[in-house]
Amino acid sequence: MRRLFAIILVCALVASVGVGCKKAEVLPTEQVVNMGGIFPMTGGSATFGTSSKQGVAMAVEEFNTAGGAMVGGVKTTINYVNEDDTGAPEVGASAAQKLINQDKVIGIVGAVMSKVSLAVAPICQAAGVPEISPTSTNATVTLVGDYIFRACFIDPFQGTVMANYAYNILKVKTAAVLYDNGNDYNKGLAEFFKAGFEKNGGKVVAFEAFTDEDKTVDYKAQLTKIKATNPEFLYLPNYYASAATILKQARAMGLNVPAGGGDGWDSPDLVKIGGAAVEGGVFSNHFSKDDKSPKVQDFVTKYTTKYGEAPDALAALAYDAAGLLLDAFKTAGSIKGSDIRDAMKNTTFSGIAGAYKFDANRNPIKAAVIIKIVNGEQTYLTTVNP
Amino acid sequence: MGQFLQQLINGIQIGSIYALIALGYTMVYGIVRLINFAHADIFMVGAYMGFFLAPVMARVFGGAFIPTIIAAMLITGLLGFIMEKLAYRPLRYKSRLSALITALGVSLFLENFCALPFVFTPAFRKFPDLIVARNIPIPGNLGLNISNVLLLDVGVSVILMVLLFWFVNKTLIGKQMRAVAFDKPTASLMGINIDVVISTAFIVGPALAGAGGILYGTTYGMLASPFLGIWPGLKAFIAAVLGGIGNIPGAVLGAYIMGISEAFATSVNSNLGYGIAFAILIGILLVRPSGLLGKFMPEKV
């Protein structure tokens, strides 16, 4: 009896294997694969996350509408899985683990902040999943490995652009810097501004720091010290909330010199928090919606129709980053990370925020714009080429 | 010289806000020997109450600051009362560690509950301008910068502290509080209602933190997220320990030392700011382990 049972069991197993094989031979005509996004949806940089997510979602939708990609003869479309990193590296890292191991994503767009991208990158590199950060400008991010790309210029360029602008156009000879020393982005911009400004012949009279802009609200001690050095220009390479708060406190203590920053200033909240204190401030950015090129204007119209608000640089770069990844996926015609990576390395992609071509360190070579706050509105000043 | 005085003023301004929070830590500790970690989050709720109530108060009363701060104090006082009743009272005669863990739990609950989309949301808020900030001209050419907000911060905290000293030292319930802090079983044998005394401490402490929240919002003009209480709360806690936890004047002294050393340390080297401030604190605690005004009480065997 037992032997009979065993024989039946073996037969059943063999049969099921056969059925299994047969099933695998029937190819589906369409399939959906996941693509991940990691952005700060909550916390002090939440507006960055929302814009980025909307940009990626729009790119994915257009990709799917256009027919997706052909992978081994199968029409493949994309399902976009978005994760919240709350602006914290450790949360970003576990989001990356989840996307790679659970959702089996073909690639990840993200993160916004350099410190989060630096935590996400080693995980993507180890798993062989391409990551493209739309806005992490710190130079070390893509140095993690050959699967890590970005869609923006890097800190040296942005810090140098503002140093040149301040020295050559604003004609200031002395500057003070106040930055968050707990964040790679802020530190990178601050150091390259200092180097660039001093190379031009200017003098950085105060180079002051604070720790963690999410937790700091009082900058009066540093500003008191800065004020005593009488700078002609104030460089604040911090995110919008901190930059606006610093400027409010600076203006309140009578430090009324022009101020500048980096792309971290790009948020409607800058003016909402800072009010009159941020008026006249200049910052370097990746994109301006006032750029008159037809490609930009077409994107602005489509985005505005879809979301009811004009796109900021975060949205444009996230749209481009997702576009770059999806374009490489289509060219590669494979869901294998290494194939997508190779396709991305050799891409020439024309995006909203410029024409993309990656250098040896997977950084794009592209231009920057300078934006000024005039009457509480972002106004496009000029474009600076690398 | 001007810069030195300005940093001193900066330190006093931060210290005033720390003091209002530190008082709550120290009062609760003095009476129930509990470090109420949720206190920092009550401070946060106070700040958010200012955000939500100020427009209403401005409409109803015309002026916003005084009605808003009173309303916020009432609400945070009530919150403290409920918190003690629900979370700490059932554990009063259990091990002190259970109560401490509960305090951490209440803290995490308040932070994350308030961050929910239908409560305060985690989004950044601009705090309404309860008073119009302007500078007060200072004679002499030291370049000192004193704003009306600074005077308000210091003034409100001093008024509240004076009221608290009067309350603790001159009223019957204040006397009862001191008796309970000194010896709980004996006080209870003398006919003091322990429950009422403990509840009072949990109303007064959080009400002061609520006032601190309003001053915080008025001074910095923004509320980053419902997690904003963590840092000021931590510093105020350290201030309370520095002054001798359980000792009310000690908490105030500790808070001002904390604020001033932070401002000076930052002005010496902004990269090491907090590091220097905390090194000073460690130094003081090495010399006086029970805090500046704390009593050294060796355990009798």
# chains A, B, ... in the order shown; residues from 1 in each chain; ligands from 1

$ select_by_dssp --residues "segment 170-266 of chain B" --states "helix (DSSP H, G or I)" --output "count of residues only"
78

$ residues_around --residues "Ala239 of chain B" --least-positions-apart "2" --cutoff "9 Å" --atoms "only C-alpha atoms" --output "VMD selection string"
chain B and resid 18 to 19 22 234 to 237 241 to 245 250 to 259 281

$ write_last_selection --atoms "C-alpha atoms" --output "short mmCIF file (atom, residue, chain, number, x, y, z; two decimals), in the first residue's frame"
data_model
loop_
_atom_site.label_atom_id
_atom_site.label_comp_id
_atom_site.auth_asym_id
_atom_site.auth_seq_id
_atom_site.Cartn_x
_atom_site.Cartn_y
_atom_site.Cartn_z
CA TYR B 18 14.65 75.88 27.21
CA ALA B 19 13.72 77.04 30.71
CA ALA B 22 12.95 72.24 31.56
CA LEU B 234 16.55 67.02 24.72
CA LYS B 235 18.45 70.19 25.51
CA ALA B 236 15.89 71.25 28.09
CA PHE B 237 16.14 67.82 29.69
CA VAL B 241 19.76 67.54 34.88
CA LEU B 242 22.48 70.16 34.88
CA GLY B 243 20.58 72.32 37.34
CA GLY B 244 19.74 69.33 39.51
CA ILE B 245 16.66 67.47 38.35
CA GLY B 250 17.99 74.62 39.15
CA ALA B 251 16.07 73.97 35.92
CA VAL B 252 15.95 77.68 35.13
CA LEU B 253 19.63 78.13 35.91
CA GLY B 254 20.54 75.05 33.87
CA ALA B 255 18.49 76.26 30.91
CA TYR B 256 20.21 79.65 30.81
CA ILE B 257 23.65 78.06 31.15
CA MET B 258 22.76 75.69 28.34
CA GLY B 259 21.52 78.48 26.04
CA LEU B 281 27.95 70.24 30.71
#

$ closest_atom_pairs --of "chain B" --to "chain A" --cutoff "7 Å" --atoms "only C-alpha atoms" --output "Markdown table"
| residue | atom | partner | partner_atom | distance |
| --- | --- | --- | --- | --- |
| B:Gln3 | CA | A:Thr224 | CA | 6.7 |
| B:Gln7 | CA | A:Ala221 | CA | 6.0 |
| B:Asn10 | CA | A:Lys220 | CA | 6.5 |
| B:Pro122 | CA | A:Gly43 | CA | 5.6 |
| B:Ala123 | CA | A:Gly43 | CA | 6.1 |
| B:Phe124 | CA | A:Gly44 | CA | 6.1 |
| B:Lys126 | CA | A:Ile273 | CA | 5.8 |
| B:Asn145 | CA | A:Met253 | CA | 5.9 |
| B:Tyr220 | CA | A:Val217 | CA | 6.5 |
| B:Ala224 | CA | A:Gly44 | CA | 6.0 |
| B:Ser225 | CA | A:Gly43 | CA | 6.3 |
| B:Leu228 | CA | A:Lys215 | CA | 6.9 |
| B:Trp231 | CA | A:Lys215 | CA | 6.6 |
| B:Ala263 | CA | A:Ala221 | CA | 5.3 |
| B:Thr266 | CA | A:Ala221 | CA | 6.2 |
| B:Ser267 | CA | A:Ala221 | CA | 5.8 |
| B:Ser270 | CA | A:Ala209 | CA | 5.2 |
| B:Asn271 | CA | A:Ala209 | CA | 5.5 |

$ residues_around --residues "segment 66-82 of chain A" --least-positions-apart "5" --cutoff "6 Å" --atoms "only C-alpha atoms" --output "list in words"
Thr29, Glu30, Gln31, Val32, Val33, Asn34, Met35, Gly36, Gly37, Lys330, Gly333 and Ser334 of chain A

$ write_last_selection --atoms "N, CA and C atoms" --output "tab-separated table (two decimals), in the first residue's frame"
chain	number	residue	atom	x	y	z
A	29	THR	N	1.97	37.68	-24.17
A	29	THR	CA	2.21	38.67	-25.21
A	29	THR	C	2.55	40.03	-24.63
A	30	GLU	N	2.19	40.19	-23.36
A	30	GLU	CA	2.50	41.46	-22.71
A	30	GLU	C	2.95	41.19	-21.29
A	31	GLN	N	3.84	42.02	-20.76
A	31	GLN	CA	4.19	41.89	-19.35
A	31	GLN	C	4.43	43.25	-18.74
A	32	VAL	N	4.34	43.29	-17.42
A	32	VAL	CA	4.58	44.54	-16.69
A	32	VAL	C	5.74	44.31	-15.74
A	33	VAL	N	6.73	45.20	-15.76
A	33	VAL	CA	7.81	45.11	-14.78
A	33	VAL	C	7.80	46.37	-13.92
A	34	ASN	N	8.40	46.26	-12.74
A	34	ASN	CA	8.41	47.39	-11.82
A	34	ASN	C	9.63	48.27	-12.01
A	35	MET	N	9.39	49.57	-11.82
A	35	MET	CA	10.50	50.51	-11.73
A	35	MET	C	10.31	51.28	-10.41
A	36	GLY	N	11.40	51.51	-9.66
A	36	GLY	CA	11.26	52.12	-8.35
A	36	GLY	C	11.56	53.61	-8.33
A	37	GLY	N	11.04	54.29	-7.32
A	37	GLY	CA	11.37	55.69	-7.05
A	37	GLY	C	11.56	55.85	-5.56
A	330	LYS	N	14.69	50.60	-23.03
A	330	LYS	CA	14.13	50.33	-24.36
A	330	LYS	C	15.26	49.93	-25.32
A	333	GLY	N	16.55	46.51	-24.43
A	333	GLY	CA	15.60	45.44	-24.69
A	333	GLY	C	15.78	44.27	-23.74
A	334	SER	N	16.12	44.61	-22.48
A	334	SER	CA	16.41	43.56	-21.50
A	334	SER	C	16.07	44.09	-20.12

$ closest_atom_pairs --of "segment 67-133 of chain B" --to "segment 45-62 of chain B" --cutoff "9 Å" --atoms "only C-alpha atoms" --output "CSV"
residue,atom,partner,partner_atom,distance
B:Pro67,CA,B:Met57,CA,6.3
B:Thr68,CA,B:Ala54,CA,5.7
B:Ile69,CA,B:Gly50,CA,7.1
B:Ala71,CA,B:Leu53,CA,7.9
B:Ala72,CA,B:Gly46,CA,5.5
B:Met73,CA,B:Gly46,CA,7.1
B:Ile75,CA,B:Gly46,CA,7.7
B:Thr76,CA,B:Gly46,CA,6.1
B:Leu110,CA,B:Val45,CA,8.6
B:Cys114,CA,B:Val45,CA,8.2
B:Phe120,CA,B:Tyr48,CA,7.7
B:Arg125,CA,B:Phe51,CA,8.0
B:Lys126,CA,B:Phe51,CA,8.0
B:Phe127,CA,B:Phe51,CA,5.6
B:Pro128,CA,B:Phe51,CA,6.2
B:Asp129,CA,B:Ala54,CA,8.7
B:Leu130,CA,B:Ala54,CA,7.2

$ residues_around --residues "segment 345-359 of chain A" --least-positions-apart "4" --cutoff "6 Å" --atoms "only C-alpha atoms" --output "list in words"
Phe287, Val296, Asp320, Asn363 and Pro364 of chain A

$ write_last_selection --atoms "N, CA and C atoms" --output "PDB file, in the first residue's frame"
ATOM      1  N   PHE A 287      17.126  74.158 -14.237  1.00  0.00           N
ATOM      2  CA  PHE A 287      16.037  74.339 -15.193  1.00  0.00           C
ATOM      3  C   PHE A 287      15.233  75.537 -14.749  1.00  0.00           C
ATOM      4  N   VAL A 296      10.981  72.936 -23.525  1.00  0.00           N
ATOM      5  CA  VAL A 296      10.653  73.272 -22.137  1.00  0.00           C
ATOM      6  C   VAL A 296       9.200  73.725 -22.040  1.00  0.00           C
ATOM      7  N   ASP A 320      13.356  63.827 -16.528  1.00  0.00           N
ATOM      8  CA  ASP A 320      14.505  63.481 -17.368  1.00  0.00           C
ATOM      9  C   ASP A 320      15.188  62.205 -16.890  1.00  0.00           C
ATOM     10  N   ASN A 363      28.470  61.333 -14.785  1.00  0.00           N
ATOM     11  CA  ASN A 363      27.853  62.629 -14.529  1.00  0.00           C
ATOM     12  C   ASN A 363      27.512  63.247 -15.878  1.00  0.00           C
ATOM     13  N   PRO A 364      26.329  63.852 -16.025  1.00  0.00           N
ATOM     14  CA  PRO A 364      25.999  64.452 -17.308  1.00  0.00           C
ATOM     15  C   PRO A 364      26.757  65.761 -17.499  1.00  0.00           C
TER      16      PRO A 364
END

$ select_by_dssp --residues "segment 113-336 of chain A" --states "strand (DSSP E)" --output "number ranges by chain"
A: 131-133, 148-150, 174-180, 203-210, 233-235, 259-261, 282-285
